[in-house]
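Colleague: File coords.txt follows (compact mmCIF, C-alpha atoms):
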```
# COMPACT_ATOMS: atom_id res chain seq x y z
CA MET S 1 -14.88 -14.46 25.13
CA LYS S 2 -16.78 -14.42 21.83
CA ILE S 3 -14.80 -13.81 18.64
CA LEU S 4 -16.16 -12.72 15.26
CA ILE S 5 -14.17 -13.95 12.23
CA VAL S 6 -14.75 -11.98 9.00
CA ASP S 7 -13.35 -13.37 5.75
CA ASP S 8 -14.94 -13.98 2.35
CA PHE S 9 -13.29 -17.40 1.99
CA SER S 10 -14.91 -20.09 4.11
CA THR S 11 -11.70 -22.13 4.19
CA MET S 12 -9.77 -19.21 5.69
CA ARG S 13 -12.51 -18.70 8.30
CA ARG S 14 -12.27 -22.38 9.13
CA ILE S 15 -8.47 -22.26 9.49
CA ILE S 16 -8.66 -19.25 11.80
CA LYS S 17 -11.48 -20.88 13.75
CA ASN S 18 -9.40 -24.04 14.25
CA LEU S 19 -6.33 -22.08 15.31
CA LEU S 20 -8.40 -20.06 17.77
CA ARG S 21 -9.86 -23.27 19.20
CA ASP S 22 -6.33 -24.59 19.75
CA LEU S 23 -5.62 -21.38 21.65
CA GLY S 24 -8.63 -22.07 23.85
CA PHE S 25 -11.14 -19.75 22.19
CA THR S 26 -14.04 -22.02 21.36
CA ASN S 27 -16.78 -19.42 21.08
CA THR S 28 -16.56 -18.03 17.53
CA VAL S 29 -19.01 -16.68 14.97
CA GLU S 30 -18.42 -15.94 11.29
CA ALA S 31 -19.32 -13.35 8.66
CA ASP S 32 -18.23 -13.16 5.02
CA ASP S 33 -17.77 -9.37 4.69
CA GLY S 34 -18.18 -6.07 6.51
CA THR S 35 -21.84 -5.72 5.59
CA THR S 36 -22.81 -9.03 7.17
CA ALA S 37 -20.45 -8.45 10.11
CA ILE S 38 -22.08 -5.20 11.28
CA PRO S 39 -25.41 -6.74 12.41
CA VAL S 40 -23.46 -9.39 14.34
CA LEU S 41 -21.36 -6.68 16.00
CA ASN S 42 -24.49 -4.68 16.77
CA SER S 43 -25.96 -7.67 18.60
CA GLY S 44 -23.51 -6.61 21.32
CA SER S 45 -21.98 -9.93 22.32
CA ILE S 46 -18.68 -9.77 20.42
CA ASP S 47 -15.48 -9.29 22.43
CA PHE S 48 -12.89 -9.56 19.68
CA LEU S 49 -12.88 -9.01 15.92
CA VAL S 50 -10.63 -10.81 13.43
CA THR S 51 -11.05 -9.46 9.89
CA ASP S 52 -9.65 -9.82 6.39
CA TRP S 53 -9.07 -6.65 4.31
CA ASN S 54 -10.04 -7.50 0.73
CA MET S 55 -13.67 -8.62 0.61
CA PRO S 56 -16.58 -7.96 -1.73
CA GLY S 57 -19.24 -5.66 -0.37
CA MET S 58 -17.64 -3.92 2.59
CA THR S 59 -13.87 -4.24 3.01
CA GLY S 60 -12.10 -4.89 6.30
CA ILE S 61 -10.57 -1.42 6.47
CA ASP S 62 -14.02 0.14 6.07
CA LEU S 63 -15.36 -2.23 8.73
CA LEU S 64 -12.53 -1.13 11.05
CA ARG S 65 -13.38 2.54 10.44
CA HIS S 66 -17.05 1.80 11.07
CA VAL S 67 -16.19 0.11 14.38
CA ARG S 68 -13.96 2.98 15.53
CA ALA S 69 -16.61 5.54 14.61
CA ASP S 70 -19.37 3.72 16.49
CA GLU S 71 -19.79 4.85 20.10
CA LYS S 72 -20.71 1.34 21.32
CA LEU S 73 -18.06 -0.53 19.34
CA LYS S 74 -15.07 1.80 19.31
CA HIS S 75 -13.14 -0.03 22.07
CA LEU S 76 -13.49 -3.45 20.42
CA PRO S 77 -10.05 -5.00 19.77
CA VAL S 78 -9.54 -5.62 16.04
CA LEU S 79 -6.94 -7.95 14.51
CA MET S 80 -6.44 -7.74 10.77
CA VAL S 81 -5.44 -10.98 9.05
CA THR S 82 -4.87 -10.18 5.40
CA ALA S 83 -2.81 -10.70 2.25
CA GLU S 84 -2.55 -6.91 1.82
CA ALA S 85 1.16 -6.21 2.30
CA LYS S 86 1.82 -2.68 1.08
CA ARG S 87 3.49 -0.44 3.62
CA GLU S 88 0.97 2.34 2.99
CA GLN S 89 -1.86 -0.09 3.69
CA ILE S 90 -0.38 -1.20 6.99
CA ILE S 91 0.09 2.45 7.96
CA GLU S 92 -3.49 3.15 6.87
CA ALA S 93 -4.77 0.33 9.08
CA ALA S 94 -2.66 1.56 12.00
CA GLN S 95 -4.03 5.07 11.58
CA ALA S 96 -7.56 3.68 11.42
CA GLY S 97 -6.93 2.14 14.85
CA VAL S 98 -6.16 -1.53 14.23
CA ASN S 99 -4.81 -3.45 17.27
CA GLY S 100 -2.77 -6.00 15.33
CA TYR S 101 -1.85 -6.87 11.75
CA VAL S 102 -1.00 -10.36 10.50
CA VAL S 103 -0.05 -10.92 6.86
CA LYS S 104 -1.13 -14.04 5.01
CA PRO S 105 0.21 -16.62 4.67
CA PHE S 106 0.67 -16.74 8.44
CA THR S 107 1.73 -19.32 11.01
CA ALA S 108 -0.19 -20.48 14.07
CA VAL S 109 2.62 -19.02 16.19
CA ALA S 110 2.28 -15.55 14.61
CA LEU S 111 -1.48 -15.51 15.14
CA LYS S 112 -1.13 -16.67 18.75
CA GLU S 113 1.55 -14.06 19.47
CA LYS S 114 -0.54 -11.17 18.10
CA ILE S 115 -3.69 -12.22 19.92
CA GLU S 116 -1.84 -12.60 23.22
CA LYS S 117 -0.15 -9.24 22.73
CA ILE S 118 -3.51 -7.55 22.17
CA PHE S 119 -5.00 -9.09 25.31
CA GLU S 120 -1.90 -8.12 27.27
CA ARG S 121 -2.24 -4.50 26.16
CA ILE S 122 -5.95 -4.19 26.81
CA GLY S 123 -5.58 -6.11 30.07
CA MET M 1 2.14 -2.90 -41.29
CA GLU M 2 4.51 -1.78 -44.08
CA ARG M 3 1.69 -0.39 -46.15
CA LYS M 4 0.55 1.65 -43.27
CA GLU M 5 4.02 3.09 -42.77
CA SER M 6 4.14 4.02 -46.46
CA SER M 7 0.72 5.73 -46.43
CA LEU M 8 1.83 7.73 -43.42
CA GLY M 9 5.17 8.36 -45.19
CA ASP M 10 3.30 9.58 -48.29
CA PHE M 11 1.35 11.97 -46.19
CA GLU M 12 4.42 13.28 -44.44
CA SER M 13 6.42 13.79 -47.66
CA THR M 14 3.42 15.48 -49.32
CA LEU M 15 3.11 17.65 -46.25
CA LYS M 16 6.78 18.71 -46.47
CA LYS M 17 6.71 19.33 -50.21
CA HIS M 18 3.47 21.27 -50.11
CA ALA M 19 4.53 23.31 -47.13
CA GLN M 20 7.55 24.64 -49.02
CA GLN M 21 5.44 25.35 -52.10
CA LEU M 22 2.84 27.00 -49.92
CA VAL M 23 5.40 29.40 -48.43
CA GLU M 24 6.74 30.15 -51.93
CA SER M 25 3.24 30.80 -53.32
CA LEU M 26 2.40 33.10 -50.44
CA GLU M 27 5.68 35.01 -50.85
CA ARG M 28 4.95 35.46 -54.55
CA GLY M 29 1.41 36.53 -53.72
CA LYS M 30 -0.22 33.66 -55.61
CA PHE M 31 -3.07 33.04 -53.20
CA GLY M 32 -5.06 30.89 -55.64
CA ASP M 33 -2.18 28.40 -55.80
CA ALA M 34 -1.86 28.50 -52.04
CA VAL M 35 -5.52 27.61 -51.53
CA GLN M 36 -5.18 24.82 -54.11
CA LEU M 37 -2.17 23.43 -52.18
CA ILE M 38 -4.04 23.51 -48.88
CA HIS M 39 -6.91 21.70 -50.54
CA GLU M 40 -4.55 18.98 -51.85
CA LEU M 41 -2.95 18.63 -48.43
CA ASN M 42 -6.37 18.19 -46.86
CA GLN M 43 -7.29 15.55 -49.40
CA THR M 44 -4.09 13.57 -48.81
CA ARG M 45 -4.62 13.71 -45.07
CA ASP M 46 -8.28 12.69 -45.30
CA ARG M 47 -7.47 9.82 -47.65
CA GLY M 48 -4.85 8.49 -45.23
CA LEU M 49 -7.16 8.95 -42.29
CA TYR M 50 -10.02 7.10 -44.00
CA GLN M 51 -7.66 4.30 -44.93
CA GLU M 52 -6.41 3.97 -41.36
CA VAL M 53 -9.88 4.09 -39.84
CA GLY M 54 -10.96 1.48 -42.37
CA LYS M 55 -8.05 -0.76 -41.45
CA LEU M 56 -8.69 -0.23 -37.77
CA THR M 57 -12.33 -1.20 -38.19
CA ARG M 58 -11.44 -4.36 -40.10
CA GLU M 59 -8.79 -5.24 -37.55
CA LEU M 60 -11.20 -4.62 -34.68
CA HIS M 61 -13.76 -6.86 -36.30
CA SER M 62 -11.32 -9.70 -36.88
CA ALA M 63 -9.96 -9.24 -33.36
CA ILE M 64 -13.44 -9.68 -31.92
CA VAL M 65 -13.89 -12.78 -34.04
CA ASN M 66 -10.46 -14.05 -32.93
CA PHE M 67 -11.10 -13.39 -29.27
CA GLN M 68 -14.53 -14.98 -29.53
CA ILE M 69 -15.55 -12.48 -26.91
CA ASP M 70 -19.23 -12.45 -27.75
CA PRO M 71 -20.87 -15.83 -27.19
CA HIS M 72 -24.05 -14.68 -28.96
CA MET M 73 -22.29 -14.15 -32.29
CA PRO M 74 -23.30 -16.66 -34.96
CA GLN M 75 -19.58 -17.33 -35.70
CA ALA M 76 -18.91 -18.38 -32.15
CA GLU M 77 -20.35 -21.84 -32.30
CA GLU M 78 -18.39 -22.95 -29.31
CA VAL M 79 -18.56 -21.01 -26.09
CA SER M 80 -16.44 -17.83 -26.07
CA GLN M 81 -12.87 -18.34 -24.91
CA ILE M 82 -13.20 -15.66 -22.27
CA THR M 83 -16.37 -17.23 -20.86
CA ASP M 84 -14.62 -20.57 -21.03
CA ALA M 85 -11.58 -19.18 -19.19
CA THR M 86 -13.84 -17.69 -16.50
CA GLU M 87 -15.53 -21.04 -16.02
CA ARG M 88 -12.16 -22.76 -15.83
CA LEU M 89 -10.98 -20.37 -13.14
CA SER M 90 -14.19 -20.91 -11.16
CA TYR M 91 -13.43 -24.60 -11.41
CA VAL M 92 -10.01 -23.92 -9.88
CA VAL M 93 -11.62 -22.02 -7.01
CA ARG M 94 -14.09 -24.88 -6.46
CA LEU M 95 -11.42 -27.56 -6.60
CA THR M 96 -9.04 -25.81 -4.21
CA GLU M 97 -11.89 -25.06 -1.83
CA ASN M 98 -12.99 -28.70 -1.82
CA ALA M 99 -9.43 -29.89 -1.23
CA ALA M 100 -8.97 -27.44 1.65
CA ASN M 101 -12.25 -28.51 3.25
CA ARG M 102 -11.52 -32.21 2.75
CA THR M 103 -8.09 -31.76 4.39
CA MET M 104 -9.56 -29.83 7.31
CA ASP M 105 -12.33 -32.43 7.76
CA LEU M 106 -9.71 -35.17 8.05
CA VAL M 107 -7.57 -33.15 10.46
CA GLU M 108 -10.61 -32.42 12.61
CA GLN M 109 -11.50 -36.13 12.66
CA SER M 110 -7.95 -37.16 13.57
CA THR M 111 -7.24 -34.64 16.31
CA PRO M 112 -9.66 -36.07 18.93
CA VAL M 113 -8.41 -39.63 18.25
CA LEU M 114 -4.84 -38.55 18.98
CA ASN M 115 -5.93 -36.50 22.00
CA GLU M 116 -7.72 -39.50 23.53
CA LEU M 117 -4.72 -41.76 22.96
CA SER M 118 -2.41 -39.17 24.45
CA THR M 119 -4.58 -38.67 27.56
CA GLU M 120 -4.90 -42.40 28.18
CA ALA M 121 -1.16 -42.99 27.58
CA LYS M 122 -0.29 -40.31 30.17
CA SER M 123 -2.67 -41.74 32.72
CA LEU M 124 -1.43 -45.32 32.15
CA SER M 125 2.17 -44.17 32.31
CA ALA M 126 1.60 -42.56 35.71
CA ASP M 127 -0.03 -45.72 37.08
CA TRP M 128 2.70 -47.86 35.53
CA GLN M 129 5.34 -45.82 37.37
CA ARG M 130 3.42 -46.46 40.60
CA PHE M 131 3.41 -50.18 39.79
CA MET M 132 7.21 -50.09 39.20
CA ARG M 133 7.62 -48.43 42.59
CA LYS M 134 5.51 -51.34 43.97
CA GLU M 135 2.77 -48.97 45.11
CA VAL M 136 -0.01 -50.95 43.39
CA GLY M 137 -2.05 -53.61 45.14
CA ALA M 138 -3.16 -56.90 43.54
CA ALA M 139 -6.75 -55.81 42.84
CA GLU M 140 -5.59 -52.51 41.31
CA PHE M 141 -2.98 -54.36 39.27
CA ARG M 142 -5.63 -56.60 37.69
CA GLU M 143 -7.51 -53.41 36.79
CA LEU M 144 -4.29 -51.91 35.33
CA VAL M 145 -3.70 -54.98 33.17
CA LYS M 146 -7.23 -54.67 31.77
CA ARG M 147 -6.64 -50.99 30.99
CA VAL M 148 -3.32 -51.73 29.26
CA ASP M 149 -5.05 -54.41 27.22
CA SER M 150 -7.84 -52.10 26.12
CA PHE M 151 -5.34 -49.28 25.46
CA LEU M 152 -3.40 -51.54 23.07
CA THR M 153 -6.61 -52.31 21.16
CA GLN M 154 -7.57 -48.62 21.19
CA SER M 155 -4.07 -47.67 19.94
CA GLU M 156 -4.22 -50.09 17.08
CA HIS M 157 -7.65 -48.87 16.07
CA GLY M 158 -6.80 -45.17 16.51
CA THR M 159 -3.48 -45.17 14.72
CA GLY M 160 -5.09 -47.07 11.85
CA LYS M 161 -7.72 -44.36 11.60
CA VAL M 162 -5.17 -41.52 11.70
CA SER M 163 -2.93 -43.23 9.19
CA GLY M 164 -5.92 -43.59 6.85
CA ALA M 165 -6.71 -39.91 7.29
CA LEU M 166 -3.10 -38.95 6.49
CA ASN M 167 -3.32 -40.99 3.31
CA ASP M 168 -6.55 -39.24 2.32
CA ILE M 169 -4.94 -35.86 3.05
CA LEU M 170 -2.16 -36.81 0.67
CA LEU M 171 -4.70 -37.73 -2.01
CA ALA M 172 -6.61 -34.47 -1.49
CA GLN M 173 -3.54 -32.64 -2.85
CA ASP M 174 -4.26 -33.92 -6.38
CA TYR M 175 -5.97 -30.60 -7.08
CA GLN M 176 -2.51 -29.11 -7.66
CA ASP M 177 -2.05 -31.07 -10.87
CA LEU M 178 -5.54 -30.32 -12.21
CA THR M 179 -5.59 -26.65 -11.29
CA GLY M 180 -2.05 -26.21 -12.60
CA GLN M 181 -3.11 -27.44 -16.03
CA VAL M 182 -6.16 -25.18 -16.11
CA ILE M 183 -4.25 -22.11 -14.97
CA LYS M 184 -1.54 -22.69 -17.59
CA ARG M 185 -4.17 -22.70 -20.34
CA VAL M 186 -5.81 -19.55 -19.07
CA THR M 187 -2.40 -17.85 -18.80
CA GLN M 188 -1.79 -18.70 -22.43
CA LEU M 189 -5.11 -17.17 -23.44
CA VAL M 190 -4.38 -14.00 -21.49
CA THR M 191 -1.03 -13.66 -23.25
CA GLU M 192 -2.71 -14.08 -26.65
CA VAL M 193 -5.40 -11.54 -25.83
CA GLU M 194 -2.76 -9.08 -24.65
CA SER M 195 -0.74 -9.32 -27.85
CA ASN M 196 -3.90 -8.91 -29.96
CA LEU M 197 -4.93 -5.88 -27.95
CA LEU M 198 -1.45 -4.43 -28.35
CA LYS M 199 -1.78 -4.73 -32.14
CA LEU M 200 -5.07 -2.87 -31.97
CA VAL M 201 -3.55 -0.11 -29.88
CA LEU M 202 -0.74 0.29 -32.41
CA MET M 203 -3.31 0.54 -35.22
CA ALA M 204 -5.28 3.14 -33.33
CA SER M 205 -2.12 5.15 -32.77
CA GLN M 206 -1.71 5.41 -36.58
CA VAL M 207 -5.11 7.05 -36.74
CA ASP M 208 -4.07 9.38 -33.94
CA ARG M 209 -1.00 10.45 -35.90
CA PHE M 210 -2.99 11.18 -39.06
CA ALA M 211 -5.63 13.06 -37.24
CA GLY M 212 -3.10 14.82 -35.01
CA ILE M 213 -4.92 13.71 -31.87
CA GLU M 214 -3.00 14.26 -28.62
CA HIS M 215 -4.04 12.43 -25.46
CA ASP M 216 -3.85 14.02 -22.06
CA ARG M 217 -1.25 11.69 -20.56
CA GLU M 218 -1.34 13.37 -17.17
CA GLN M 219 -5.04 12.72 -16.89
CA LEU M 220 -4.70 9.11 -18.04
CA ARG M 221 -2.00 8.55 -15.46
CA ALA M 222 -4.12 10.16 -12.76
CA GLU M 223 -7.03 7.87 -13.63
CA LYS M 224 -4.76 4.86 -13.47
CA ASP M 225 -3.38 5.93 -10.10
CA GLN M 226 -6.86 6.29 -8.75
CA GLU M 227 -7.63 2.71 -9.74
CA LYS M 228 -4.71 1.68 -7.59
CA HIS M 229 -6.09 3.27 -4.45
CA PRO M 230 -5.31 0.84 -1.65
CA THR M 231 -8.63 0.95 0.22
CA ARG M 232 -10.10 -1.61 -2.15
CA GLY M 233 -7.28 -4.05 -1.46
CA GLU M 234 -4.92 -5.65 -3.95
CA GLY M 235 -4.67 -9.22 -2.76
CA PRO M 236 -1.42 -11.13 -2.33
CA GLN M 237 1.79 -9.49 -3.59
CA ILE M 238 3.68 -11.76 -5.95
CA HIS M 239 7.09 -10.07 -5.90
CA ALA M 240 7.06 -8.85 -2.30
CA ASP M 241 10.81 -9.46 -1.86
CA LYS M 242 11.66 -7.24 -4.82
CA ARG M 243 9.46 -4.29 -3.94
CA GLU M 244 10.32 -1.48 -1.59
CA ASP M 245 6.73 -0.47 -0.89
CA VAL M 246 5.67 -3.96 0.18
CA VAL M 247 6.52 -5.90 3.33
CA SER M 248 7.88 -9.39 2.75
CA SER M 249 7.28 -10.98 6.14
CA GLN M 250 5.46 -10.70 9.44
CA ASP M 251 8.71 -9.35 10.94
CA ASP M 252 8.58 -6.43 8.48
CA VAL M 253 5.00 -5.72 9.55
CA ASP M 254 6.00 -5.79 13.22
CA ASP M 255 8.98 -3.49 12.57
CA LEU M 256 6.81 -1.04 10.66
CA LEU M 257 4.13 -1.02 13.34
CA SER M 258 6.62 -0.58 16.16
CA SER M 259 8.20 2.32 14.24
CA LEU M 260 4.71 3.87 14.35
CA GLY M 261 4.64 3.46 18.10
CA PHE M 262 2.70 0.18 18.34
```
Go ahead and express the file in the form of structure tokens.

Modeller:
Amino acid sequence: MKILIVDDFSTMRRIIKNLLRDLGFTNTVEADDGTTAIPVLNSGSIDFLVTDWNMPGMTGIDLLRHVRADEKLKHLPVLMVTAEAKREQIIEAAQAGVNGYVVKPFTAVALKEKIEKIFERIG
Amino acid sequence: MERKESSLGDFESTLKKHAQQLVESLERGKFGDAVQLIHELNQTRDRGLYQEVGKLTRELHSAIVNFQIDPHMPQAEEVSQITDATERLSYVVRLTENAANRTMDLVEQSTPVLNELSTEAKSLSADWQRFMRKEVGAAEFRELVKRVDSFLTQSEHGTGKVSGALNDILLAQDYQDLTGQVIKRVTQLVTEVESNLLKLVLMASQVDRFAGIEHDREQLRAEKDQEKHPTRGEGPQIHADKREDVVSSQDDVDDLLSSLGF
């Protein structure tokens, strides 16, 4: 299980990486926005995507749309971990095909719960 | 401000007076007088307009000097306040990032120490229970004693290390004081700039009134709405609990998503 973490703040990537390690996911890679994430995704080895929304360059919502529109990537589970908290944004992400949505600041428990729920659903 | 009001007042009273006279002249058929009146009206309006534009220009100039926006201006001997504020905020980002990384470094160093102690304590505890149940032979007991001895040394060493790390984590929080001071100063500058800008806008509106300029408010509002388009992201919401269109917790997000069939 290889997880790609996309966030423009290195500290946030590190926090998520540490939390994922505690959950037993030790194989993680990082990218700092959608533009740098796409080549990593295209390398074909990513099983799970955790992304922020608000990033310079390409935003998380655009990255999500890109993933869903790509024939090879469209089934990739995507968890959004973001400070964006407007109802219309959450609905937008849901319509774009997000698998889970966690608002910052979040707890380790919330992140764990969402990840487990996604794996449960996709089997 | 008062002078401005009076120049606008002059214009408006002249306008009223001349308008009546203009109607009278036209009714009496004195077109020459009427043209003369229109000419005078124009002059009064132009004079007021020039005065207002002049004032606006002066005000704009002094505002730029006050803001010290342009660091290349000869007047701005020190660095511009805006540039300074930007640098200060970058300093805040740097400081908070360093503190976060320092804290995470220390946590990452401490976790394996605690894990090792915990594993060894569990293993010793199990063997100790066996010893209490008299299931341990003499040779194994001597081995157990050695392990307990080394565990005590390891505990002392490990807890010392973790306690040191906790202390350093505490110290790493000193960024709060420093960044707080910087942010307060920048907030003050923003407030000043806003009030200066507001003055300028009020000045400009005087010119608008003289010139009879009307702005397309619908269009302005539409432009503003477009800037708010959510795709770009807005960052953290400050008053989430007071706003209807914003969720205030993960539970709200979950409720919203489940209402959408998630």

Colleague: Could you list, as a PDB file with C-alpha atoms, in the frame of the given file, every residue within 12 Å of region 106-120 of chain S, counting all atoms listed in the file and ignoring same-chain residues fewer than 6 positions away?

Modeller:
```
ATOM      1  CA  MET S   1     -14.880 -14.460  25.130  1.00  0.00           C
ATOM      2  CA  ILE S   3     -14.800 -13.810  18.640  1.00  0.00           C
ATOM      3  CA  MET S  12      -9.770 -19.210   5.690  1.00  0.00           C
ATOM      4  CA  ILE S  15      -8.470 -22.260   9.490  1.00  0.00           C
ATOM      5  CA  ILE S  16      -8.660 -19.250  11.800  1.00  0.00           C
ATOM      6  CA  LYS S  17     -11.480 -20.880  13.750  1.00  0.00           C
ATOM      7  CA  ASN S  18      -9.400 -24.040  14.250  1.00  0.00           C
ATOM      8  CA  LEU S  19      -6.330 -22.080  15.310  1.00  0.00           C
ATOM      9  CA  LEU S  20      -8.400 -20.060  17.770  1.00  0.00           C
ATOM     10  CA  ARG S  21      -9.860 -23.270  19.200  1.00  0.00           C
ATOM     11  CA  ASP S  22      -6.330 -24.590  19.750  1.00  0.00           C
ATOM     12  CA  LEU S  23      -5.620 -21.380  21.650  1.00  0.00           C
ATOM     13  CA  GLY S  24      -8.630 -22.070  23.850  1.00  0.00           C
ATOM     14  CA  PHE S  25     -11.140 -19.750  22.190  1.00  0.00           C
ATOM     15  CA  ASP S  47     -15.480  -9.290  22.430  1.00  0.00           C
ATOM     16  CA  PHE S  48     -12.890  -9.560  19.680  1.00  0.00           C
ATOM     17  CA  LEU S  49     -12.880  -9.010  15.920  1.00  0.00           C
ATOM     18  CA  VAL S  50     -10.630 -10.810  13.430  1.00  0.00           C
ATOM     19  CA  LEU S  76     -13.490  -3.450  20.420  1.00  0.00           C
ATOM     20  CA  PRO S  77     -10.050  -5.000  19.770  1.00  0.00           C
ATOM     21  CA  VAL S  78      -9.540  -5.620  16.040  1.00  0.00           C
ATOM     22  CA  LEU S  79      -6.940  -7.950  14.510  1.00  0.00           C
ATOM     23  CA  MET S  80      -6.440  -7.740  10.770  1.00  0.00           C
ATOM     24  CA  VAL S  81      -5.440 -10.980   9.050  1.00  0.00           C
ATOM     25  CA  THR S  82      -4.870 -10.180   5.400  1.00  0.00           C
ATOM     26  CA  ALA S  83      -2.810 -10.700   2.250  1.00  0.00           C
ATOM     27  CA  VAL S  98      -6.160  -1.530  14.230  1.00  0.00           C
ATOM     28  CA  ASN S  99      -4.810  -3.450  17.270  1.00  0.00           C
ATOM     29  CA  GLY S 100      -2.770  -6.000  15.330  1.00  0.00           C
TER      30      GLY S 100
ATOM     31  CA  SER M 248       7.880  -9.390   2.750  1.00  0.00           C
ATOM     32  CA  SER M 249       7.280 -10.980   6.140  1.00  0.00           C
ATOM     33  CA  GLN M 250       5.460 -10.700   9.440  1.00  0.00           C
ATOM     34  CA  ASP M 251       8.710  -9.350  10.940  1.00  0.00           C
ATOM     35  CA  VAL M 253       5.000  -5.720   9.550  1.00  0.00           C
ATOM     36  CA  ASP M 254       6.000  -5.790  13.220  1.00  0.00           C
ATOM     37  CA  PHE M 262       2.700   0.180  18.340  1.00  0.00           C
TER      38      PHE M 262
END
```

Colleague: Could you check the closest approach to Ala85 (chain S) for each of M:Pro236, M:Gly212, M:Gly29, M:Gly48 and tell me which residue wins, using only C-alpha atoms?

Modeller: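 For Ala85 (chain S), the nearest of the candidates is M:Pro236.
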
Colleague: Counting only C-alpha atoms, which residues of chain S sit at most 9 Å from some atom of chain M, and what is each one's closest atom pair with its distance in Å to one decimal, listed by chain and rising residue number, as CSV?

Modeller:
```
residue,atom,partner,partner_atom,distance
S:Phe9,CA,M:Glu97,CA,8.7
S:Ser10,CA,M:Glu97,CA,8.3
S:Thr11,CA,M:Asn101,CA,6.5
S:Arg14,CA,M:Met104,CA,8.1
S:Ile15,CA,M:Met104,CA,8.0
S:Asn18,CA,M:Glu108,CA,8.6
S:Trp53,CA,M:Gly233,CA,6.6
S:Asn54,CA,M:Gly233,CA,4.9
S:Met55,CA,M:Gly233,CA,8.1
S:Thr59,CA,M:Arg232,CA,6.9
S:Ile61,CA,M:Thr231,CA,7.0
S:Asp62,CA,M:Thr231,CA,8.0
S:Thr82,CA,M:Gly235,CA,8.2
S:Ala83,CA,M:Pro236,CA,4.8
S:Glu84,CA,M:Gly235,CA,5.6
S:Ala85,CA,M:Val247,CA,5.5
S:Lys86,CA,M:Val246,CA,4.2
S:Arg87,CA,M:Val246,CA,5.4
S:Glu88,CA,M:Asp245,CA,7.5
S:Gln89,CA,M:Pro230,CA,6.4
S:Ile90,CA,M:Val253,CA,7.5
S:Ile91,CA,M:Leu257,CA,7.6
S:Glu92,CA,M:Thr231,CA,8.7
S:Ala94,CA,M:Leu257,CA,7.4
S:Asn99,CA,M:Phe262,CA,8.4
S:Gly100,CA,M:Leu257,CA,8.7
S:Tyr101,CA,M:Val253,CA,7.3
S:Val102,CA,M:Gln250,CA,6.6
S:Val103,CA,M:Gln250,CA,6.1
S:Lys104,CA,M:Pro236,CA,7.9
S:Phe106,CA,M:Gln250,CA,7.8
S:Ala110,CA,M:Gln250,CA,7.8
```

Colleague: Kindly give the distance, in Å, that separates CA of Ala172 (chain M) and CA of Glu87 (chain M), rounded to a single decimal.

Modeller: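 Going from CA of Ala172 (chain M) over to CA of Glu87 (chain M) covers 21.7 Å.
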
Colleague: Set the distance at 8 Å and use all atoms listed in the file: which residues neighbour Val29 (chain S) once local chain neighbours fewer than 4 positions away are removed? I'd like the list as number ranges by chain.

Modeller: S: 2-5

Colleague: What does the distance between CA of Thr26 (chain S) and CA of Glu116 (chain M) come to in Å, to one decimal place?

Modeller: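 Separating CA of Thr26 (chain S) from CA of Glu116 (chain M) is a distance of 18.7 Å.
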
Colleague: In Å, rounded to a single decimal, give me how far CA of Val207 (chain M) is from CA of Glu223 (chain M).

Modeller: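 A separation of 23.2 Å between them.
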
Colleague: Please identify all polymer residues within 10 Å of Asp46 (chain M), counting all atoms listed in the file, omitting same-chain residues fewer than 4 positions from it, and present them as a VMD selection string.

Modeller: chain M and resid 11 40 to 42 50 to 52 210 to 211
